[in-house]
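Visitor: See work.txt below, with compact mmCIF, C-alpha atoms.
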# COMPACT_ATOMS: atom_id res chain seq x y z
CA MET A 19 184.47 119.29 107.22
CA ALA A 20 186.47 121.47 104.84
CA CYS A 21 189.94 121.58 103.35
CA GLY A 22 192.34 123.87 101.59
CA GLY A 23 195.64 123.85 99.78
CA ILE A 24 198.13 126.19 98.24
CA PHE A 25 200.31 125.72 95.15
CA ARG A 26 203.72 127.41 95.13
CA ASN A 27 206.70 127.21 92.84
CA SER A 28 210.28 126.50 93.95
CA GLN A 29 210.69 130.17 94.97
CA ALA A 30 207.52 129.95 97.13
CA ILE A 31 205.58 132.18 94.71
CA HIS A 32 201.82 131.60 94.86
CA LEU A 33 200.56 129.76 91.77
CA GLY A 34 197.04 129.17 93.03
CA SER A 35 195.13 127.96 96.04
CA PHE A 36 191.81 126.36 96.81
CA CYS A 37 189.30 125.67 99.51
CA ASP A 38 186.34 123.36 99.59
CA PHE A 39 183.43 122.53 101.86
CA LEU A 40 183.26 118.74 102.16
CA GLY A 41 180.13 118.20 104.27
CA GLU A 42 179.80 115.74 107.11
CA GLY A 43 182.73 113.50 107.92
CA ASP A 44 185.84 112.99 109.97
CA ALA A 45 189.23 114.70 110.01
CA ALA A 46 191.03 111.78 108.35
CA THR A 47 188.68 111.89 105.35
CA ALA A 48 189.13 115.66 105.09
CA GLU A 49 192.92 115.23 105.06
CA ILE A 50 192.73 112.61 102.31
CA LEU A 51 190.30 114.73 100.26
CA ALA A 52 192.58 117.76 100.54
CA VAL A 53 195.35 115.76 98.88
CA VAL A 54 192.95 114.30 96.31
CA LEU A 55 191.83 117.82 95.36
CA ALA A 56 195.43 119.03 95.22
CA ILE A 57 196.49 116.18 92.93
CA GLU A 58 193.38 116.47 90.75
CA ASN A 59 194.05 120.19 90.31
CA ALA A 60 197.75 119.58 89.62
CA LYS A 61 196.66 117.18 86.89
CA LEU A 62 194.23 119.75 85.42
CA LEU A 63 197.00 122.34 85.46
CA LYS A 64 199.39 119.82 83.84
CA TYR A 65 201.96 120.12 86.61
CA LYS A 66 204.78 117.63 86.10
CA LYS A 67 206.50 118.24 89.44
CA VAL A 68 204.45 118.10 92.65
CA TRP A 69 205.59 118.04 96.26
CA ILE A 70 202.82 117.70 98.80
CA GLU A 71 203.39 118.63 102.40
CA THR A 72 200.80 117.38 104.86
CA ASP A 73 200.55 117.40 108.62
CA CYS A 74 198.68 114.08 108.51
CA SER A 75 200.97 111.03 108.67
CA MET A 76 198.05 108.81 107.65
CA VAL A 77 197.95 110.55 104.25
CA VAL A 78 201.63 109.82 103.72
CA LYS A 79 201.05 106.19 104.65
CA ALA A 80 198.04 105.93 102.29
CA PHE A 81 200.42 106.20 99.32
CA SER A 82 201.90 102.83 100.26
CA ASP A 83 198.69 101.32 101.67
CA PRO A 84 195.65 102.66 99.76
CA PHE A 85 193.31 100.34 101.66
CA ILE A 86 193.42 102.67 104.66
CA VAL A 87 191.55 105.22 102.53
CA PRO A 88 187.76 105.13 103.08
CA TRP A 89 186.07 103.11 100.34
CA LYS A 90 183.82 106.04 99.34
CA ILE A 91 186.82 107.94 97.99
CA ARG A 92 189.22 105.10 97.24
CA SER A 93 188.70 105.16 93.46
CA ARG A 94 189.60 108.87 93.36
CA TRP A 95 192.60 108.11 95.59
CA LEU A 96 193.81 105.32 93.30
CA SER A 97 193.45 107.61 90.29
CA CYS A 98 195.58 110.19 92.08
CA ILE A 99 198.24 107.61 92.89
CA GLU A 100 198.29 106.60 89.22
CA TYR A 101 198.89 110.22 88.20
CA THR A 102 201.70 110.68 90.75
CA ARG A 103 203.54 107.73 89.19
CA LYS A 104 203.66 109.58 85.86
CA ILE A 105 205.23 112.78 87.22
CA GLU A 106 208.01 113.83 89.58
CA PHE A 107 206.18 113.44 92.86
CA MET A 108 207.09 113.66 96.50
CA ILE A 109 205.03 113.68 99.67
CA SER A 110 206.33 114.57 103.09
CA HIS A 111 205.01 114.98 106.59
CA VAL A 112 205.37 118.42 108.17
CA TYR A 113 204.48 119.59 111.62
CA ARG A 114 201.18 121.35 111.97
CA GLU A 115 202.97 124.67 112.45
CA ALA A 116 204.01 124.51 108.78
CA ASN A 117 200.40 124.41 107.61
CA PHE A 118 199.00 127.81 108.58
CA CYS A 119 197.90 128.72 105.04
CA ALA A 120 196.17 125.37 104.44
CA ASP A 121 194.35 125.73 107.77
CA LEU A 122 193.18 129.22 106.89
CA LEU A 123 192.01 128.01 103.49
CA ALA A 124 190.05 125.19 105.14
CA ASN A 125 188.30 127.78 107.30
CA LEU A 126 187.42 129.69 104.13
CA GLY A 127 185.99 126.45 102.74
CA LEU A 128 183.62 126.29 105.69
CA SER A 129 182.42 129.83 105.04
CA PHE A 130 182.15 129.57 101.23
CA GLY A 131 180.38 126.22 101.29
CA SER A 132 181.77 125.00 97.95
CA PHE A 133 184.99 124.60 95.96
CA VAL A 134 186.72 127.92 95.26
CA TRP A 135 189.97 128.41 93.32
CA PHE A 136 192.08 131.53 93.93
CA ASN A 137 194.55 132.86 91.35
CA TYR A 138 195.71 135.34 93.98
CA VAL A 139 196.68 135.16 97.65
CA HIS A 140 193.37 135.60 99.48
CA SER A 141 193.40 138.60 101.82
CA SER A 142 192.95 136.40 104.89
CA LEU A 143 196.21 134.57 104.00
CA VAL A 144 198.52 137.41 103.07
CA LYS A 145 200.29 137.75 106.43
CA ASP A 146 200.82 134.00 106.90
CA TYR A 147 201.74 133.50 103.24
CA LEU A 148 204.46 136.15 103.47
CA LEU A 149 205.78 134.75 106.77
CA ASP A 150 205.94 131.27 105.21
CA LYS A 151 207.56 132.61 102.05
CA VAL A 152 210.49 134.10 103.94
CA GLY A 153 210.79 131.02 106.17
CA THR A 154 209.77 132.57 109.48
CA PRO A 155 209.54 129.83 112.12
CA ARG A 156 206.33 129.90 114.13
CA LEU A 157 204.68 127.96 116.90
CA ARG A 158 201.05 127.29 117.69
CA MET A 159 200.04 128.22 121.19
CA LEU A 160 197.36 126.09 122.77
CA SER A 161 195.24 127.52 125.55
The structure given in the file should be rewritten as structure tokens.

Guide:
Amino acid sequence: MACGGIFRNSQAIHLGSFCDFLGEGDAATAEILAVVLAIENAKLLKYKKVWIETDCSMVVKAFSDPFIVPWKIRSRWLSCIEYTRKIEFMISHVYREANFCADLLANLGLSFGSFVWFNYVHSSLVKDYLLDKVGTPRLRMLS
């Protein structure tokens, strides 16, 4: 499994992004770890306002019921929750179509095989980043 995330300011300007290879596991754990990594990096960067958008409703629910988080990562999760209580924090569920950049970053995580931080928009994201930035609606087509 792998994950990725992108940090943007209120004008949708790229502040940084990351990807990480997480090893063996299930999709739910990958979704939780993506948010853990995002919050841990927000804390390192001293961000005082964080709004997480996730396409996983279980992650949103885990903020009110941390016991649904796998025990192996629960202490990290609880630490993240503690940090979010000290800042302006919001989490919301978005449809999968709103997560193109995070999905592309997760694919990069698979290929890089470790945590990578980008201070720039990675070349494989540029098109989707710009479409997101201007608010272009898109749909996923399943075959």

Visitor: Counting only C-alpha atoms, find the residues whose atoms lie at most 10 Å from (190.8, 116.1, 99.3) (file coordinates) and write them out as a list in words.

Guide: Ala20, Cys21, Gly22, Gly23, Cys37, Asp38, Leu40, Thr47, Ala48, Glu49, Ile50, Leu51, Ala52, Val53, Val54, Leu55, Ala56, Ile57, Glu58, Ile91, Arg94 and Trp95 of chain A

Visitor: Name all residues at most 12 Å from stretch 140-156 of chain A (count only C-alpha atoms; drop same-chain ones fewer than 5 positions away) and give them as an MDAnalysis selection string.

Guide: chainID A and resid 22:32 34:37 113:126 134:135

Visitor: Which residue out of A:Ala46, A:Tyr65, A:Pro84, A:Phe136 has the minimum interatomic distance to A:Glu106 when only C-alpha atoms are used?

Guide: A:Tyr65

Visitor: Which neighbours of stretch 69-78 of chain A fall inside 6 Å, counting all atoms listed in the file, when residues of the same chain fewer than 3 positions from it are skipped, and could you give them as number ranges by chain?

Guide: A: 50, 81, 107-114

Visitor: Dump C-alpha atoms for the selected residues as a PDB file, keeping the file's coordinate frame?

Guide:
ATOM      1  CA  ILE A  50     192.730 112.610 102.310  1.00  0.00           C
ATOM      2  CA  PHE A  81     200.420 106.200  99.320  1.00  0.00           C
ATOM      3  CA  PHE A 107     206.180 113.440  92.860  1.00  0.00           C
ATOM      4  CA  MET A 108     207.090 113.660  96.500  1.00  0.00           C
ATOM      5  CA  ILE A 109     205.030 113.680  99.670  1.00  0.00           C
ATOM      6  CA  SER A 110     206.330 114.570 103.090  1.00  0.00           C
ATOM      7  CA  HIS A 111     205.010 114.980 106.590  1.00  0.00           C
ATOM      8  CA  VAL A 112     205.370 118.420 108.170  1.00  0.00           C
ATOM      9  CA  TYR A 113     204.480 119.590 111.620  1.00  0.00           C
ATOM     10  CA  ARG A 114     201.180 121.350 111.970  1.00  0.00           C
TER      11      ARG A 114
END

Visitor: Would you compute, for all listed atoms of stretch 57-60 of chain A, the axis-aligned bounding box grown by 4 Å on each side, and then report its centre and edge lengths in Å rounded to one decimal, as lines of an AutoDock Vina configuration file?

Guide:
center_x = 195.6
center_y = 118.2
center_z = 91.3
size_x = 12.4
size_y = 12.0
size_z = 11.3

Visitor: Just how far from atom CA of A:Arg103 is atom CA of A:Ser82, in Å to one decimal?

Guide: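 Separation of atom CA of A:Ser82 and atom CA of A:Arg103: 12.2 Å.
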
Visitor: Taking into account all atoms listed in the file, which residue in the set A:Ala45, A:Ala80, A:Val68, A:Leu96 is nearest to A:Met19?

Guide: A:Ala45

Visitor: For the atom pair atom CA of A:Gly131 and atom CA of A:Glu42, what is the interatomic distance in Å to one decimal place?

Guide: 12.0 Å

Visitor: Return the single residue from A:Val139, A:Leu33, A:Ile86, A:Ala60 that is closest to A:Cys98, with distances computed using all atoms listed in the file.

Guide: A:Ala60

Visitor: State, in Å with one decimal place, the distance from atom CA of A:Asp83 to atom CA of A:Ser97.

Guide: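 Pair atom CA of A:Asp83 / atom CA of A:Ser97 returns 14.0 Å.
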
Visitor: Select, from A:Asp44, A:Gly127, A:Phe39, A:Leu62, the residue with the minimum atom-to-atom distance to A:Pro88, counting all atoms listed in the file.

Guide: A:Asp44

Visitor: Give the answer as one residue: which of A:Leu63, A:Lys79, A:Gly41, A:Thr102 has the shortest atom-to-atom distance to A:Ser129, using all atoms listed in the file?

Guide: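 Closest residue, counting all atoms listed in the file: A:Gly41.
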
Visitor: Got a sec to write stretch 122-158 of chain A of the block to a file, N, CA, C and O atoms, as a PDB file, in the first residue's frame?

Guide:
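Saved as result.pdb:
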ATOM      1  N   LEU A 122      -2.573  10.197  -7.541  1.00  0.00           N
ATOM      2  CA  LEU A 122      -1.327  10.182  -8.317  1.00  0.00           C
ATOM      3  C   LEU A 122      -0.115  10.136  -7.392  1.00  0.00           C
ATOM      4  O   LEU A 122       0.869   9.435  -7.670  1.00  0.00           O
ATOM      5  N   LEU A 123      -0.181  10.868  -6.296  1.00  0.00           N
ATOM      6  CA  LEU A 123       0.920  10.838  -5.330  1.00  0.00           C
ATOM      7  C   LEU A 123       1.069   9.457  -4.702  1.00  0.00           C
ATOM      8  O   LEU A 123       2.191   8.985  -4.485  1.00  0.00           O
ATOM      9  N   ALA A 124      -0.044   8.793  -4.423  1.00  0.00           N
ATOM     10  CA  ALA A 124       0.032   7.431  -3.878  1.00  0.00           C
ATOM     11  C   ALA A 124       0.719   6.500  -4.874  1.00  0.00           C
ATOM     12  O   ALA A 124       1.542   5.658  -4.483  1.00  0.00           O
ATOM     13  N   ASN A 125       0.424   6.655  -6.148  1.00  0.00           N
ATOM     14  CA  ASN A 125       1.098   5.846  -7.162  1.00  0.00           C
ATOM     15  C   ASN A 125       2.601   6.132  -7.191  1.00  0.00           C
ATOM     16  O   ASN A 125       3.410   5.219  -7.382  1.00  0.00           O
ATOM     17  N   LEU A 126       2.975   7.388  -6.980  1.00  0.00           N
ATOM     18  CA  LEU A 126       4.405   7.716  -6.883  1.00  0.00           C
ATOM     19  C   LEU A 126       5.023   7.031  -5.670  1.00  0.00           C
ATOM     20  O   LEU A 126       6.168   6.577  -5.720  1.00  0.00           O
ATOM     21  N   GLY A 127       4.266   6.968  -4.570  1.00  0.00           N
ATOM     22  CA  GLY A 127       4.754   6.292  -3.371  1.00  0.00           C
ATOM     23  C   GLY A 127       5.095   4.840  -3.642  1.00  0.00           C
ATOM     24  O   GLY A 127       6.080   4.310  -3.116  1.00  0.00           O
ATOM     25  N   LEU A 128       4.272   4.197  -4.452  1.00  0.00           N
ATOM     26  CA  LEU A 128       4.565   2.806  -4.821  1.00  0.00           C
ATOM     27  C   LEU A 128       5.875   2.714  -5.591  1.00  0.00           C
ATOM     28  O   LEU A 128       6.666   1.805  -5.370  1.00  0.00           O
ATOM     29  N   SER A 129       6.113   3.660  -6.487  1.00  0.00           N
ATOM     30  CA  SER A 129       7.328   3.581  -7.305  1.00  0.00           C
ATOM     31  C   SER A 129       8.576   4.033  -6.545  1.00  0.00           C
ATOM     32  O   SER A 129       9.654   3.479  -6.746  1.00  0.00           O
ATOM     33  N   PHE A 130       8.459   5.022  -5.658  1.00  0.00           N
ATOM     34  CA  PHE A 130       9.629   5.487  -4.908  1.00  0.00           C
ATOM     35  C   PHE A 130      10.003   4.536  -3.779  1.00  0.00           C
ATOM     36  O   PHE A 130      11.165   4.421  -3.427  1.00  0.00           O
ATOM     37  N   GLY A 131       9.028   3.908  -3.166  1.00  0.00           N
ATOM     38  CA  GLY A 131       9.313   2.927  -2.122  1.00  0.00           C
ATOM     39  C   GLY A 131       9.669   3.493  -0.764  1.00  0.00           C
ATOM     40  O   GLY A 131      10.089   2.761   0.121  1.00  0.00           O
ATOM     41  N   SER A 132       9.511   4.815  -0.581  1.00  0.00           N
ATOM     42  CA  SER A 132       9.788   5.432   0.722  1.00  0.00           C
ATOM     43  C   SER A 132       9.102   6.792   0.762  1.00  0.00           C
ATOM     44  O   SER A 132       8.550   7.251  -0.238  1.00  0.00           O
ATOM     45  N   PHE A 133       9.184   7.461   1.914  1.00  0.00           N
ATOM     46  CA  PHE A 133       8.591   8.789   2.051  1.00  0.00           C
ATOM     47  C   PHE A 133       9.380   9.790   1.227  1.00  0.00           C
ATOM     48  O   PHE A 133      10.610   9.825   1.284  1.00  0.00           O
ATOM     49  N   VAL A 134       8.658  10.609   0.445  1.00  0.00           N
ATOM     50  CA  VAL A 134       9.291  11.672  -0.339  1.00  0.00           C
ATOM     51  C   VAL A 134       8.447  12.933  -0.175  1.00  0.00           C
ATOM     52  O   VAL A 134       7.216  12.881  -0.293  1.00  0.00           O
ATOM     53  N   TRP A 135       9.094  14.035   0.129  1.00  0.00           N
ATOM     54  CA  TRP A 135       8.436  15.337   0.228  1.00  0.00           C
ATOM     55  C   TRP A 135       8.799  16.148  -1.009  1.00  0.00           C
ATOM     56  O   TRP A 135       9.948  16.157  -1.438  1.00  0.00           O
ATOM     57  N   PHE A 136       7.814  16.835  -1.586  1.00  0.00           N
ATOM     58  CA  PHE A 136       8.033  17.670  -2.766  1.00  0.00           C
ATOM     59  C   PHE A 136       7.725  19.123  -2.411  1.00  0.00           C
ATOM     60  O   PHE A 136       6.628  19.425  -1.942  1.00  0.00           O
ATOM     61  N   ASN A 137       8.678  20.012  -2.646  1.00  0.00           N
ATOM     62  CA  ASN A 137       8.449  21.451  -2.487  1.00  0.00           C
ATOM     63  C   ASN A 137       7.893  22.060  -3.770  1.00  0.00           C
ATOM     64  O   ASN A 137       7.687  23.263  -3.827  1.00  0.00           O
ATOM     65  N   TYR A 138       7.703  21.253  -4.765  1.00  0.00           N
ATOM     66  CA  TYR A 138       7.224  21.685  -6.076  1.00  0.00           C
ATOM     67  C   TYR A 138       6.114  20.722  -6.510  1.00  0.00           C
ATOM     68  O   TYR A 138       5.966  19.645  -5.950  1.00  0.00           O
ATOM     69  N   VAL A 139       5.349  21.111  -7.509  1.00  0.00           N
ATOM     70  CA  VAL A 139       4.331  20.216  -8.058  1.00  0.00           C
ATOM     71  C   VAL A 139       5.057  19.211  -8.949  1.00  0.00           C
ATOM     72  O   VAL A 139       5.676  19.585  -9.951  1.00  0.00           O
ATOM     73  N   HIS A 140       5.019  17.953  -8.556  1.00  0.00           N
ATOM     74  CA  HIS A 140       5.703  16.904  -9.327  1.00  0.00           C
ATOM     75  C   HIS A 140       5.158  16.887 -10.753  1.00  0.00           C
ATOM     76  O   HIS A 140       3.965  17.098 -10.983  1.00  0.00           O
ATOM     77  N   SER A 141       6.029  16.616 -11.709  1.00  0.00           N
ATOM     78  CA  SER A 141       5.642  16.667 -13.124  1.00  0.00           C
ATOM     79  C   SER A 141       4.462  15.769 -13.459  1.00  0.00           C
ATOM     80  O   SER A 141       3.661  16.095 -14.335  1.00  0.00           O
ATOM     81  N   SER A 142       4.304  14.659 -12.753  1.00  0.00           N
ATOM     82  CA  SER A 142       3.174  13.769 -13.050  1.00  0.00           C
ATOM     83  C   SER A 142       1.851  14.326 -12.533  1.00  0.00           C
ATOM     84  O   SER A 142       0.789  13.796 -12.872  1.00  0.00           O
ATOM     85  N   LEU A 143       1.887  15.398 -11.734  1.00  0.00           N
ATOM     86  CA  LEU A 143       0.669  16.004 -11.180  1.00  0.00           C
ATOM     87  C   LEU A 143       0.254  17.291 -11.862  1.00  0.00           C
ATOM     88  O   LEU A 143      -0.865  17.754 -11.629  1.00  0.00           O
ATOM     89  N   VAL A 144       1.124  17.892 -12.615  1.00  0.00           N
ATOM     90  CA  VAL A 144       0.907  19.264 -13.079  1.00  0.00           C
ATOM     91  C   VAL A 144      -0.468  19.445 -13.716  1.00  0.00           C
ATOM     92  O   VAL A 144      -1.221  20.355 -13.346  1.00  0.00           O
ATOM     93  N   LYS A 145      -0.837  18.602 -14.652  1.00  0.00           N
ATOM     94  CA  LYS A 145      -2.118  18.756 -15.344  1.00  0.00           C
ATOM     95  C   LYS A 145      -3.290  18.693 -14.354  1.00  0.00           C
ATOM     96  O   LYS A 145      -4.150  19.575 -14.348  1.00  0.00           O
ATOM     97  N   ASP A 146      -3.312  17.667 -13.508  1.00  0.00           N
ATOM     98  CA  ASP A 146      -4.408  17.510 -12.561  1.00  0.00           C
ATOM     99  C   ASP A 146      -4.408  18.609 -11.499  1.00  0.00           C
ATOM    100  O   ASP A 146      -5.456  19.082 -11.078  1.00  0.00           O
ATOM    101  N   TYR A 147      -3.230  19.015 -11.073  1.00  0.00           N
ATOM    102  CA  TYR A 147      -3.121  20.108 -10.103  1.00  0.00           C
ATOM    103  C   TYR A 147      -3.740  21.388 -10.674  1.00  0.00           C
ATOM    104  O   TYR A 147      -4.521  22.072 -10.005  1.00  0.00           O
ATOM    105  N   LEU A 148      -3.395  21.711 -11.902  1.00  0.00           N
ATOM    106  CA  LEU A 148      -3.927  22.930 -12.518  1.00  0.00           C
ATOM    107  C   LEU A 148      -5.431  22.837 -12.744  1.00  0.00           C
ATOM    108  O   LEU A 148      -6.160  23.814 -12.534  1.00  0.00           O
ATOM    109  N   LEU A 149      -5.923  21.671 -13.151  1.00  0.00           N
ATOM    110  CA  LEU A 149      -7.371  21.490 -13.310  1.00  0.00           C
ATOM    111  C   LEU A 149      -8.088  21.656 -11.973  1.00  0.00           C
ATOM    112  O   LEU A 149      -9.131  22.316 -11.890  1.00  0.00           O
ATOM    113  N   ASP A 150      -7.524  21.089 -10.914  1.00  0.00           N
ATOM    114  CA  ASP A 150      -8.107  21.246  -9.575  1.00  0.00           C
ATOM    115  C   ASP A 150      -8.070  22.700  -9.132  1.00  0.00           C
ATOM    116  O   ASP A 150      -9.024  23.214  -8.548  1.00  0.00           O
ATOM    117  N   LYS A 151      -6.958  23.360  -9.392  1.00  0.00           N
ATOM    118  CA  LYS A 151      -6.761  24.731  -8.935  1.00  0.00           C
ATOM    119  C   LYS A 151      -7.817  25.679  -9.495  1.00  0.00           C
ATOM    120  O   LYS A 151      -8.285  26.569  -8.800  1.00  0.00           O
ATOM    121  N   VAL A 152      -8.199  25.460 -10.743  1.00  0.00           N
ATOM    122  CA  VAL A 152      -9.209  26.334 -11.357  1.00  0.00           C
ATOM    123  C   VAL A 152     -10.626  25.803 -11.169  1.00  0.00           C
ATOM    124  O   VAL A 152     -11.590  26.386 -11.650  1.00  0.00           O
ATOM    125  N   GLY A 153     -10.757  24.678 -10.456  1.00  0.00           N
ATOM    126  CA  GLY A 153     -12.075  24.155 -10.116  1.00  0.00           C
ATOM    127  C   GLY A 153     -12.785  23.411 -11.236  1.00  0.00           C
ATOM    128  O   GLY A 153     -14.017  23.367 -11.267  1.00  0.00           O
ATOM    129  N   THR A 154     -12.031  22.814 -12.131  1.00  0.00           N
ATOM    130  CA  THR A 154     -12.636  22.067 -13.236  1.00  0.00           C
ATOM    131  C   THR A 154     -13.285  20.790 -12.717  1.00  0.00           C
ATOM    132  O   THR A 154     -12.612  19.958 -12.112  1.00  0.00           O
ATOM    133  N   PRO A 155     -14.593  20.640 -12.924  1.00  0.00           N
ATOM    134  CA  PRO A 155     -15.237  19.386 -12.484  1.00  0.00           C
ATOM    135  C   PRO A 155     -14.824  18.230 -13.384  1.00  0.00           C
ATOM    136  O   PRO A 155     -14.665  18.398 -14.594  1.00  0.00           O
ATOM    137  N   ARG A 156     -14.618  17.072 -12.775  1.00  0.00           N
ATOM    138  CA  ARG A 156     -14.207  15.895 -13.552  1.00  0.00           C
ATOM    139  C   ARG A 156     -14.895  14.666 -13.019  1.00  0.00           C
ATOM    140  O   ARG A 156     -15.297  14.599 -11.863  1.00  0.00           O
ATOM    141  N   LEU A 157     -14.983  13.670 -13.859  1.00  0.00           N
ATOM    142  CA  LEU A 157     -15.565  12.387 -13.481  1.00  0.00           C
ATOM    143  C   LEU A 157     -14.568  11.289 -13.746  1.00  0.00           C
ATOM    144  O   LEU A 157     -13.744  11.381 -14.645  1.00  0.00           O
ATOM    145  N   ARG A 158     -14.657  10.226 -12.966  1.00  0.00           N
ATOM    146  CA  ARG A 158     -13.858   9.027 -13.228  1.00  0.00           C
ATOM    147  C   ARG A 158     -14.708   8.106 -14.089  1.00  0.00           C
ATOM    148  O   ARG A 158     -15.861   7.867 -13.781  1.00  0.00           O
TER     149      ARG A 158
END
